[in-house]
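entry.pdb, holding PDB, C-alpha atoms, pLDDT in the B column:
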```pdb
ATOM      1  CA  MET G   5     -53.211 -57.791 209.065  1.00 61.00           C
ATOM      2  CA  THR G   6     -54.342 -54.733 210.986  1.00 67.00           C
ATOM      3  CA  THR G   7     -56.757 -54.895 213.862  1.00 72.00           C
ATOM      4  CA  LEU G   8     -59.768 -52.664 214.124  1.00 71.00           C
ATOM      5  CA  THR G   9     -59.584 -50.246 217.031  1.00 81.00           C
ATOM      6  CA  ARG G  10     -62.632 -49.304 219.032  1.00 76.00           C
ATOM      7  CA  ASN G  11     -62.680 -45.792 217.530  1.00 78.00           C
ATOM      8  CA  SER G  12     -62.412 -47.024 213.949  1.00 79.00           C
ATOM      9  CA  ALA G  13     -65.097 -49.660 214.574  1.00 79.00           C
ATOM     10  CA  GLN G  14     -67.361 -46.951 216.016  1.00 83.00           C
ATOM     11  CA  SER G  15     -66.634 -44.724 213.043  1.00 84.00           C
ATOM     12  CA  LEU G  16     -67.425 -47.510 210.571  1.00 88.00           C
ATOM     13  CA  SER G  17     -70.658 -48.365 212.336  1.00 90.00           C
ATOM     14  CA  THR G  18     -71.898 -44.757 212.424  1.00 92.00           C
ATOM     15  CA  VAL G  19     -71.046 -44.305 208.729  1.00 93.00           C
ATOM     16  CA  ALA G  20     -73.006 -47.474 207.893  1.00 94.00           C
ATOM     17  CA  LEU G  21     -75.860 -46.411 210.178  1.00 93.00           C
ATOM     18  CA  PHE G  22     -76.272 -43.074 208.417  1.00 94.00           C
ATOM     19  CA  ALA G  23     -76.071 -44.722 204.989  1.00 95.00           C
ATOM     20  CA  ALA G  24     -78.917 -46.955 206.193  1.00 94.00           C
ATOM     21  CA  LEU G  25     -80.812 -43.892 207.477  1.00 94.00           C
ATOM     22  CA  MET G  26     -80.635 -42.438 203.958  1.00 95.00           C
ATOM     23  CA  ALA G  27     -82.121 -45.665 202.607  1.00 93.00           C
ATOM     24  CA  VAL G  28     -84.936 -45.555 205.197  1.00 93.00           C
ATOM     25  CA  LEU G  29     -85.716 -41.939 204.268  1.00 93.00           C
ATOM     26  CA  GLY G  30     -86.045 -43.187 200.684  1.00 89.00           C
ATOM     27  CA  LEU G  31     -88.987 -45.363 201.741  1.00 88.00           C
ATOM     28  CA  VAL G  32     -91.105 -42.248 202.159  1.00 84.00           C
ATOM     29  CA  PRO G  33     -92.907 -41.769 198.831  1.00 80.00           C
ATOM     30  CA  LYS G  34     -91.505 -39.078 196.561  1.00 79.00           C
ATOM     31  CA  ILE G  35     -93.474 -36.231 195.060  1.00 82.00           C
ATOM     32  CA  ASP G  36     -92.769 -36.014 191.342  1.00 77.00           C
ATOM     33  CA  LEU G  37     -92.374 -32.614 189.753  1.00 73.00           C
ATOM     34  CA  PRO G  38     -92.808 -32.141 185.997  1.00 71.00           C
ATOM     35  CA  PHE G  39     -89.163 -31.271 185.308  1.00 66.00           C
ATOM     36  CA  GLY G  40     -87.720 -34.589 186.499  1.00 65.00           C
ATOM     37  CA  VAL G  41     -86.515 -33.812 190.024  1.00 76.00           C
ATOM     38  CA  PRO G  42     -88.673 -35.302 192.815  1.00 77.00           C
ATOM     39  CA  ILE G  43     -89.229 -33.939 196.303  1.00 81.00           C
ATOM     40  CA  THR G  44     -87.929 -36.455 198.862  1.00 87.00           C
ATOM     41  CA  LEU G  45     -86.979 -36.612 202.545  1.00 91.00           C
ATOM     42  CA  GLN G  46     -83.450 -37.748 201.754  1.00 94.00           C
ATOM     43  CA  SER G  47     -81.969 -34.250 201.936  1.00 94.00           C
ATOM     44  CA  LEU G  48     -82.789 -34.380 205.663  1.00 96.00           C
ATOM     45  CA  GLY G  49     -80.401 -37.354 205.915  1.00 96.00           C
ATOM     46  CA  ILE G  50     -77.637 -35.268 204.368  1.00 97.00           C
ATOM     47  CA  MET G  51     -78.130 -32.516 206.926  1.00 98.00           C
ATOM     48  CA  LEU G  52     -78.219 -34.966 209.840  1.00 98.00           C
ATOM     49  CA  ALA G  53     -75.143 -36.865 208.622  1.00 97.00           C
ATOM     50  CA  GLY G  54     -73.111 -33.673 208.406  1.00 97.00           C
ATOM     51  CA  CYS G  55     -74.273 -32.250 211.743  1.00 97.00           C
ATOM     52  CA  LEU G  56     -73.977 -35.467 213.730  1.00 97.00           C
ATOM     53  CA  LEU G  57     -70.967 -37.117 212.069  1.00 96.00           C
ATOM     54  CA  GLY G  58     -68.881 -34.199 210.844  1.00 96.00           C
ATOM     55  CA  GLY G  59     -67.565 -33.442 207.397  1.00 96.00           C
ATOM     56  CA  LYS G  60     -65.422 -36.500 206.761  1.00 96.00           C
ATOM     57  CA  ARG G  61     -67.713 -39.198 208.152  1.00 96.00           C
ATOM     58  CA  GLY G  62     -70.838 -37.440 206.862  1.00 97.00           C
ATOM     59  CA  PHE G  63     -69.317 -37.446 203.376  1.00 97.00           C
ATOM     60  CA  GLN G  64     -68.343 -41.115 203.756  1.00 97.00           C
ATOM     61  CA  ALA G  65     -71.840 -42.142 204.892  1.00 97.00           C
ATOM     62  CA  ILE G  66     -73.579 -40.471 201.978  1.00 97.00           C
ATOM     63  CA  ALA G  67     -70.921 -41.642 199.501  1.00 97.00           C
ATOM     64  CA  LEU G  68     -71.519 -45.223 200.718  1.00 97.00           C
ATOM     65  CA  PHE G  69     -75.252 -44.724 200.168  1.00 97.00           C
ATOM     66  CA  LEU G  70     -74.650 -43.352 196.651  1.00 97.00           C
ATOM     67  CA  LEU G  71     -72.347 -46.278 195.848  1.00 97.00           C
ATOM     68  CA  ALA G  72     -75.144 -48.675 196.828  1.00 97.00           C
ATOM     69  CA  VAL G  73     -77.526 -46.719 194.583  1.00 97.00           C
ATOM     70  CA  ALA G  74     -75.044 -46.773 191.687  1.00 97.00           C
ATOM     71  CA  VAL G  75     -74.667 -50.571 191.840  1.00 97.00           C
ATOM     72  CA  GLY G  76     -78.411 -50.895 191.467  1.00 96.00           C
ATOM     73  CA  LEU G  77     -79.972 -51.007 194.915  1.00 95.00           C
ATOM     74  CA  PRO G  78     -83.354 -49.233 194.761  1.00 95.00           C
ATOM     75  CA  LEU G  79     -82.654 -46.935 197.705  1.00 94.00           C
ATOM     76  CA  LEU G  80     -83.739 -43.592 196.308  1.00 93.00           C
ATOM     77  CA  ALA G  81     -87.270 -42.405 196.981  1.00 88.00           C
ATOM     78  CA  GLY G  82     -89.679 -44.219 194.719  1.00 86.00           C
ATOM     79  CA  GLY G  83     -87.473 -47.324 194.581  1.00 90.00           C
ATOM     80  CA  ARG G  84     -85.006 -45.898 192.104  1.00 91.00           C
ATOM     81  CA  GLY G  85     -81.433 -47.058 191.757  1.00 95.00           C
ATOM     82  CA  GLY G  86     -78.762 -47.927 189.217  1.00 96.00           C
ATOM     83  CA  ILE G  87     -76.182 -45.877 187.360  1.00 96.00           C
ATOM     84  CA  GLY G  88     -78.903 -44.378 185.148  1.00 95.00           C
ATOM     85  CA  VAL G  89     -80.223 -42.159 187.960  1.00 95.00           C
ATOM     86  CA  PHE G  90     -76.961 -40.212 187.733  1.00 95.00           C
ATOM     87  CA  MET G  91     -77.839 -39.202 184.174  1.00 94.00           C
ATOM     88  CA  LEU G  92     -81.273 -37.731 184.907  1.00 92.00           C
ATOM     89  CA  PRO G  93     -82.027 -34.032 185.531  1.00 90.00           C
ATOM     90  CA  SER G  94     -81.756 -34.756 189.284  1.00 90.00           C
ATOM     91  CA  ALA G  95     -78.114 -35.878 188.940  1.00 94.00           C
ATOM     92  CA  GLY G  96     -76.709 -32.574 190.198  1.00 95.00           C
ATOM     93  CA  TYR G  97     -78.574 -33.035 193.441  1.00 95.00           C
ATOM     94  CA  LEU G  98     -77.568 -36.709 193.764  1.00 95.00           C
ATOM     95  CA  ILE G  99     -73.904 -36.071 193.084  1.00 94.00           C
ATOM     96  CA  GLY G 100     -74.102 -33.155 195.493  1.00 96.00           C
ATOM     97  CA  TYR G 101     -75.497 -35.283 198.335  1.00 97.00           C
ATOM     98  CA  ALA G 102     -72.117 -36.440 199.670  1.00 97.00           C
ATOM     99  CA  LEU G 103     -70.436 -33.104 199.044  1.00 98.00           C
ATOM    100  CA  ALA G 104     -73.256 -31.268 200.811  1.00 98.00           C
ATOM    101  CA  ALA G 105     -73.015 -33.607 203.823  1.00 98.00           C
ATOM    102  CA  GLY G 106     -69.303 -32.800 203.945  1.00 98.00           C
ATOM    103  CA  VAL G 107     -69.960 -29.047 203.807  1.00 98.00           C
ATOM    104  CA  VAL G 108     -72.666 -29.273 206.495  1.00 98.00           C
ATOM    105  CA  GLY G 109     -70.260 -31.223 208.707  1.00 97.00           C
ATOM    106  CA  LEU G 110     -67.359 -28.824 208.168  1.00 97.00           C
ATOM    107  CA  LEU G 111     -69.584 -25.865 209.039  1.00 98.00           C
ATOM    108  CA  MET G 112     -71.052 -27.608 212.084  1.00 97.00           C
ATOM    109  CA  GLY G 113     -67.539 -28.445 213.274  1.00 96.00           C
ATOM    110  CA  ARG G 114     -66.571 -24.786 213.193  1.00 96.00           C
ATOM    111  CA  LEU G 115     -69.695 -23.352 214.805  1.00 96.00           C
ATOM    112  CA  PRO G 116     -70.255 -23.229 218.585  1.00 95.00           C
ATOM    113  CA  SER G 117     -72.128 -26.129 220.145  1.00 93.00           C
ATOM    114  CA  ARG G 118     -71.333 -26.066 223.855  1.00 93.00           C
ATOM    115  CA  THR G 119     -74.996 -25.974 224.866  1.00 96.00           C
ATOM    116  CA  PRO G 120     -77.998 -27.693 223.240  1.00 97.00           C
ATOM    117  CA  LYS G 121     -79.350 -24.275 222.180  1.00 97.00           C
ATOM    118  CA  GLN G 122     -76.030 -23.317 220.556  1.00 97.00           C
ATOM    119  CA  ALA G 123     -75.892 -26.714 218.867  1.00 97.00           C
ATOM    120  CA  ALA G 124     -79.396 -26.271 217.441  1.00 98.00           C
ATOM    121  CA  ILE G 125     -78.648 -22.787 216.089  1.00 98.00           C
ATOM    122  CA  SER G 126     -75.348 -23.985 214.621  1.00 98.00           C
ATOM    123  CA  ALA G 127     -77.080 -26.996 213.063  1.00 98.00           C
ATOM    124  CA  LEU G 128     -79.700 -24.731 211.492  1.00 98.00           C
ATOM    125  CA  ILE G 129     -76.997 -22.477 210.013  1.00 98.00           C
ATOM    126  CA  ALA G 130     -74.922 -25.430 208.762  1.00 98.00           C
ATOM    127  CA  ALA G 131     -77.966 -27.203 207.312  1.00 98.00           C
ATOM    128  CA  VAL G 132     -79.170 -24.093 205.500  1.00 98.00           C
ATOM    129  CA  LEU G 133     -75.763 -23.161 204.084  1.00 98.00           C
ATOM    130  CA  GLY G 134     -74.606 -26.690 203.207  1.00 98.00           C
ATOM    131  CA  GLY G 135     -77.809 -28.678 202.817  1.00 97.00           C
ATOM    132  CA  VAL G 136     -79.868 -26.011 201.075  1.00 98.00           C
ATOM    133  CA  VAL G 137     -77.672 -23.326 199.458  1.00 98.00           C
ATOM    134  CA  PHE G 138     -74.693 -25.514 198.460  1.00 98.00           C
ATOM    135  CA  LEU G 139     -76.790 -28.530 197.449  1.00 98.00           C
ATOM    136  CA  HIS G 140     -79.158 -26.364 195.424  1.00 97.00           C
ATOM    137  CA  LEU G 141     -76.258 -24.738 193.557  1.00 98.00           C
ATOM    138  CA  LEU G 142     -75.125 -28.209 192.476  1.00 97.00           C
ATOM    139  CA  GLY G 143     -78.709 -29.129 191.588  1.00 96.00           C
ATOM    140  CA  ILE G 144     -79.069 -26.015 189.437  1.00 97.00           C
ATOM    141  CA  ALA G 145     -75.776 -26.862 187.705  1.00 97.00           C
ATOM    142  CA  GLY G 146     -77.136 -30.360 186.995  1.00 95.00           C
ATOM    143  CA  LEU G 147     -80.368 -28.966 185.549  1.00 94.00           C
ATOM    144  CA  MET G 148     -78.334 -26.679 183.292  1.00 96.00           C
ATOM    145  CA  LEU G 149     -75.952 -29.421 182.126  1.00 95.00           C
ATOM    146  CA  ILE G 150     -78.254 -32.418 181.838  1.00 93.00           C
ATOM    147  CA  ALA G 151     -81.658 -30.870 181.117  1.00 91.00           C
ATOM    148  CA  GLN G 152     -80.057 -28.071 179.064  1.00 95.00           C
ATOM    149  CA  MET G 153     -81.980 -25.393 180.976  1.00 94.00           C
ATOM    150  CA  PRO G 154     -80.868 -21.788 181.018  1.00 97.00           C
ATOM    151  CA  LEU G 155     -79.684 -20.533 184.413  1.00 97.00           C
ATOM    152  CA  THR G 156     -82.775 -18.422 185.109  1.00 97.00           C
ATOM    153  CA  LYS G 157     -85.181 -21.294 184.387  1.00 95.00           C
ATOM    154  CA  ALA G 158     -83.117 -23.783 186.440  1.00 95.00           C
ATOM    155  CA  PHE G 159     -82.999 -21.295 189.325  1.00 96.00           C
ATOM    156  CA  MET G 160     -86.744 -20.676 189.193  1.00 94.00           C
ATOM    157  CA  LEU G 161     -87.529 -24.414 189.099  1.00 92.00           C
ATOM    158  CA  ASP G 162     -85.141 -25.031 191.990  1.00 93.00           C
ATOM    159  CA  LEU G 163     -87.103 -22.583 194.129  1.00 93.00           C
ATOM    160  CA  ALA G 164     -89.848 -25.233 194.407  1.00 89.00           C
ATOM    161  CA  PHE G 165     -87.551 -27.170 196.769  1.00 91.00           C
ATOM    162  CA  VAL G 166     -86.495 -24.307 199.042  1.00 95.00           C
ATOM    163  CA  PRO G 167     -89.492 -24.189 201.453  1.00 93.00           C
ATOM    164  CA  GLY G 168     -89.392 -27.944 202.080  1.00 93.00           C
ATOM    165  CA  ASP G 169     -85.631 -27.985 202.521  1.00 96.00           C
ATOM    166  CA  LEU G 170     -85.798 -25.070 204.951  1.00 97.00           C
ATOM    167  CA  ALA G 171     -88.363 -27.062 206.961  1.00 96.00           C
ATOM    168  CA  LYS G 172     -85.954 -30.037 206.903  1.00 97.00           C
ATOM    169  CA  ALA G 173     -83.163 -27.748 208.187  1.00 98.00           C
ATOM    170  CA  VAL G 174     -85.390 -26.772 211.127  1.00 98.00           C
ATOM    171  CA  LEU G 175     -86.166 -30.451 211.786  1.00 97.00           C
ATOM    172  CA  CYS G 176     -82.428 -31.218 211.653  1.00 98.00           C
ATOM    173  CA  ALA G 177     -81.789 -28.462 214.227  1.00 98.00           C
ATOM    174  CA  LEU G 178     -84.448 -29.950 216.513  1.00 98.00           C
ATOM    175  CA  VAL G 179     -82.874 -33.415 216.242  1.00 98.00           C
ATOM    176  CA  VAL G 180     -79.420 -31.972 216.969  1.00 98.00           C
ATOM    177  CA  HIS G 181     -80.831 -30.114 219.989  1.00 98.00           C
ATOM    178  CA  THR G 182     -82.278 -33.384 221.297  1.00 97.00           C
ATOM    179  CA  VAL G 183     -79.014 -35.275 220.718  1.00 97.00           C
ATOM    180  CA  ALA G 184     -76.970 -32.491 222.374  1.00 96.00           C
ATOM    181  CA  LYS G 185     -79.300 -32.557 225.382  1.00 96.00           C
ATOM    182  CA  ALA G 186     -79.490 -36.357 225.734  1.00 96.00           C
ATOM    183  CA  LEU G 187     -75.888 -37.131 224.764  1.00 93.00           C
ATOM    184  CA  PRO G 188     -73.759 -34.129 225.780  1.00 92.00           C
ATOM    185  CA  ASP G 189     -70.555 -35.984 224.851  1.00 91.00           C
ATOM    186  CA  TRP G 190     -71.671 -36.607 221.241  1.00 91.00           C
ATOM    187  CA  PRO G 191     -68.998 -35.079 218.951  1.00 91.00           C
ATOM    188  CA  LEU G 192     -71.312 -32.787 216.933  1.00 91.00           C
ATOM    189  CA  GLY G 193     -69.786 -31.867 213.591  1.00 88.00           C
ATOM    190  CA  GLY G 194     -66.996 -34.338 214.268  1.00 81.00           C
ATOM    191  CA  LYS G 195     -65.562 -32.232 217.117  1.00 79.00           C
ATOM    192  CA  PRO G 196     -63.773 -34.149 219.844  1.00 73.00           C
ATOM    193  CA  ALA G 197     -65.978 -34.521 222.914  1.00 58.00           C
TER     194      ALA G 197
END
```
Produce structure tokens that represent the structure in this file.
Amino acid sequence: MTTLTRNSAQSLSTVALFAALMAVLGLVPKIDLPFGVPITLQSLGIMLAGCLLGGKRGFQAIALFLLAVAVGLPLLAGGRGGIGVFMLPSAGYLIGYALAAGVVGLLMGRLPSRTPKQAAISALIAAVLGGVVFLHLLGIAGLMLIAQMPLTKAFMLDLAFVPGDLAKAVLCALVVHTVAKALPDWPLGGKPA
């Protein structure tokens, strides 16, 4: 039997905390769009998990959340859950959640964050590249595969999400700035303090 070290216990608790944060963001009502992909706040959770936990733990937190959704917990916006949600037109986005959190975290870990201002700028860049561009590419792929949309139509429909997700990236940067200012030893992007 192995004992849990303080670092691994801290890691487990932050992963669980961010999985719970994703569930809380799902309580905010969704805005349904006619092509089957709703607008939700949960992409903000992906950006925050990557920026604040790093690539590995950010991926783990969102993967834990998606596992809970897959087993039937109604944690997605609008009270959705179950394996069936991974077969809807929004599946590309859902499957991309954990991967996008990982990409955001990897980028954040490689960008400068010595000062709160640097951390905020780096978080904005990481959130836009990983939480908007990368996630949207996976979402477009899902629309093409599941909804059988041609690339141009899937791309045009995806554009409906870009302004809101850019606003979420700015909000993520503001949160990271606050964390970097209040907790200067916080390992942003998984970097050692």
Could you expand the PyMOL selection byres ((chain G and resi 101) around 8) into the explicit residues it covers here, written as a short mmCIF file (atom, residue, chain, number, x, y, z; two decimals) with C-alpha atoms, in the frame of the given file?
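Below is the file out-v6.cif, written as the result:
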```cif
data_model
loop_
_atom_site.label_atom_id
_atom_site.label_comp_id
_atom_site.auth_asym_id
_atom_site.auth_seq_id
_atom_site.Cartn_x
_atom_site.Cartn_y
_atom_site.Cartn_z
CA SER G 47 -81.97 -34.25 201.94
CA ILE G 50 -77.64 -35.27 204.37
CA ILE G 66 -73.58 -40.47 201.98
CA ALA G 67 -70.92 -41.64 199.50
CA TYR G 97 -78.57 -33.03 193.44
CA LEU G 98 -77.57 -36.71 193.76
CA ILE G 99 -73.90 -36.07 193.08
CA GLY G 100 -74.10 -33.16 195.49
CA ALA G 102 -72.12 -36.44 199.67
CA LEU G 103 -70.44 -33.10 199.04
CA ALA G 104 -73.26 -31.27 200.81
CA ALA G 105 -73.02 -33.61 203.82
CA LEU G 139 -76.79 -28.53 197.45
#
```
**Message:** The residues within 10 Å of (-85.9, -25.4, 187.1), using all atoms listed in the file and the coordinates of the file, should be reported as number ranges by chain; which are they?
**Reply:** G: 38-41, 93, 143-144, 147-148, 151, 153-165
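Of note, CA of Val137 in chain G and CA of Val166 in chain G are spaced 8.9 Å apart.
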**Asked** In Å, how far is it from CA of Leu80 in chain G to CA of Pro42 in chain G?
**Response**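 Atom-to-atom, CA of Leu80 in chain G and CA of Pro42 in chain G are spaced 10.3 Å apart.
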Listed atoms of range 162-178 of chain G boxed axis-aligned with 6 Å per side, centre + edges as AutoDock Vina command-line options:
```
--center_x -85.8 --center_y -26.9 --center_z 204.3 --size_x 20.1 --size_y 20.6 --size_z 36.5
```
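This file gives the following result for the PyMOL selection byres ((chain G and resi 119-122) around 9): Leu115, Pro116, Ser117, Arg118, Ala123, Ala124, Ile125, Ser126, Ala127, Val180, His181, Thr182, Val183, Ala184, Lys185 and Pro188 of chain G.
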**Prompt:** the PyMOL selection byres ((chain G and resi 170) around 12) on the file shown: which residues, as number ranges by chain?
**Reply:** G: 45, 47-48, 51, 128-137, 140, 163-169, 171-177
**Request:** Find the residue from G:Lys195, G:Arg10, G:Lys34, G:Arg84 that sits nearest to Cys55 in chain G; use only C-alpha atoms when measuring.
**Result:**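 Selected residue with least distance to Cys55 in chain G: G:Lys195.
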**Asked** Which is closer to Val19 in chain G than all the others in G:Leu187, G:Leu37, G:Leu110, G:Leu52, using all atoms listed in the file?
**Response**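 Among the listed residues, G:Leu52 lies closest to Val19 in chain G.
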